[in-house]
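I have placed the structure first, in the form of structure tokens, so that the comments after it can refer back to it.
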Amino acid sequence: MSRPYDHVKRGMDILAAAVLLVLTVPLMAAVAVAILITMGRPVLFRQRRAGRHGRPFTLVKFRSMRPGDPTAGTLANVATDGERLTRLGRALRATSLDELPTLWHVLRGEMSLVGPRPLPVEYLDRYTPEQRRRHHVRPGITGLAQVRGRNRLSWEQKLQLDVSYVDSYGLGLDIRLLVETVGCVLRRSGVSAEGTATAPVFTGANSAQLAGAESARNPAG
């Protein structure tokens with residue numbers, strides 16, 4: 001699946017991630033302090049996500065929610081997701097500042113600036129063979145699904161767009177998606193799905209029927 005552009009893409013990722021990490025250090029320090037004051041420890045949220053070829057890695061983002069009740073079941077926690085999402089957390093998600101630590105994953109080669117969003121490893125056995133092709137490239141901080149509606153799209157729509165990106169990615173498309181991402185962030189569009197604080201859990205073939213039944217555990221969105 002390797003293409004000549006892959007080397008260019010990786011070089012651009014390394015350069016951009018390194019520069020942005022240096023430039024955003026003061027901002028990340030300010031966000032970390034704000035989280036520490038308003039929510040306490042931990043400052044960072046960690047979750048196992050699927051990378052290229054489905055290889056798992058531990059995604060690190062700024063925390064936006066208060067801890068859930070570890071004794072409650074999944075559905076019991078769903079009702080409190082909106083309450084767990086703090087005022088600061090909503091602002092971090094709306095501005096995508098919670099994603100700043102993921103630049104480290106780009107530098108390490110676990111992610112790219114542009115690509116399908118990294119999703120929980122629990123979803124791996126829920127994809128159709130066609131949907132599973134989204135893992136042929138590195139997951140990205142932003143991507144085609146993010147600029148076409150983000151969490152307002154159904155899972156089927158998002159995964160179809162992910163596969164479309166895999167089939168057509170190149171320098172021109174990546175630059176266009178990065179530019180469009182800036183506009184989406186400024187408009188704060190598609191941050192949450194209707195009826196949920198974030199987005200519904202992907203349940204596989206039955207996701208359309210069960211879209212409102214569960215909420216993802218801090219999805220990348």
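Naming scheme: A, B, ... for chains in displayed order of the structure tokens; residues 1 onward per chain; ligands 1 onward as shown.
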Any idea what's packed within 8 Å of segment 50-64 of chain A, counting only C-alpha atoms, ignoring anything in its chain fewer than 4 positions away? Could you give it as a tab-separated table (two decimals) with C-alpha atoms, in the first residue's frame?
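The file below, selection02.tsv, is the result:
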chain	number	residue	atom	x	y	z
A	32	ALA	CA	-2.61	21.81	32.08
A	35	ILE	CA	-7.29	21.42	34.26
A	42	PRO	CA	-4.84	13.44	36.20
A	43	VAL	CA	-4.35	16.24	33.69
A	44	LEU	CA	-4.10	13.85	30.75
A	45	PHE	CA	-6.58	11.32	29.44
A	46	ARG	CA	-5.21	8.02	28.15
A	85	LEU	CA	-18.01	17.12	30.76
A	86	THR	CA	-16.88	20.25	32.57
A	88	LEU	CA	-13.50	23.92	30.69
A	89	GLY	CA	-13.76	20.54	28.99
A	90	ARG	CA	-16.45	21.80	26.64
A	92	LEU	CA	-11.24	22.49	25.13
A	93	ARG	CA	-13.25	20.19	22.87
A	97	LEU	CA	-7.13	22.34	22.38
A	98	ASP	CA	-7.57	18.96	24.05
A	99	GLU	CA	-5.86	17.48	20.98
A	100	LEU	CA	-2.56	19.36	21.39
A	101	PRO	CA	-0.76	16.44	23.12
A	102	THR	CA	-1.49	14.23	20.11
A	105	HIS	CA	2.04	10.88	18.54
A	110	GLU	CA	1.89	6.65	15.59
A	111	MET	CA	-0.30	9.29	13.94
A	118	PRO	CA	-7.86	6.81	15.83
A	119	LEU	CA	-10.71	4.87	17.42
A	120	PRO	CA	-10.81	2.57	20.47
A	121	VAL	CA	-9.27	-0.86	19.96
A	124	LEU	CA	-11.59	-3.48	15.65
A	135	HIS	CA	-6.35	1.29	8.97
A	136	HIS	CA	-4.21	1.15	5.82
A	137	VAL	CA	-2.86	4.59	6.72
A	138	ARG	CA	-1.77	6.27	9.95
A	139	PRO	CA	-4.68	7.77	11.90
I'd like the contact shell of Arg108 of chain A - 9 Å cut-off, only C-alpha atoms, skipping same-chain residues fewer than 4 positions apart - returned as a PDB file with N, CA, C and O atoms, in the first residue's frame.
ATOM      1  N   ILE A  14       6.640  15.189  10.567  1.00  0.00           N
ATOM      2  CA  ILE A  14       7.717  15.374  11.546  1.00  0.00           C
ATOM      3  C   ILE A  14       8.036  16.852  11.716  1.00  0.00           C
ATOM      4  O   ILE A  14       8.134  17.364  12.846  1.00  0.00           O
ATOM      5  N   LEU A 103       0.079  15.809  19.100  1.00  0.00           N
ATOM      6  CA  LEU A 103       1.209  16.141  18.229  1.00  0.00           C
ATOM      7  C   LEU A 103       2.412  15.252  18.540  1.00  0.00           C
ATOM      8  O   LEU A 103       3.231  14.962  17.660  1.00  0.00           O
ATOM      9  N   TRP A 104       2.526  14.842  19.795  1.00  0.00           N
ATOM     10  CA  TRP A 104       3.613  13.935  20.179  1.00  0.00           C
ATOM     11  C   TRP A 104       3.486  12.600  19.448  1.00  0.00           C
ATOM     12  O   TRP A 104       4.487  12.014  19.033  1.00  0.00           O
TER      13      TRP A 104
END
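The interatomic distance for the pair atom CA of Val163 of chain A and atom CA of Gly109 of chain A works out to 20.4 Å.
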For Asp13 of chain A: contacts at 7 Å, only C-alpha atoms, fewer than 4 positions along chain excluded, given as JSON, numbers by chain | {"A": [9, 17, 106, 107, 112, 113]}
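Across the structure, atom CA of Thr38 of chain A and atom CA of Ala199 of chain A are spaced 23.7 Å apart.
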Go through chain A and collect every residue that DSSP, computed from the backbone, puts in helix (DSSP H, G or I); the answer should be as an MDAnalysis selection string.
-> chainID A and resid 4:23 25:38 52:54 74:78 81:84 87:95 97:108 121:126 131:136 144:147 150:152 155:168 171:187 204:206
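Backbone DSSP of segment 107-165 of chain A yields strand (DSSP E) at Ser112, Leu113, Val114, Gly140, Ile141 and Thr142 of chain A.
Each of A:Val147, A:Arg117, A:Gly40, A:Ser154 was compared to Leu186 of chain A using only C-alpha atoms, and A:Val147 turns out to be the nearest.
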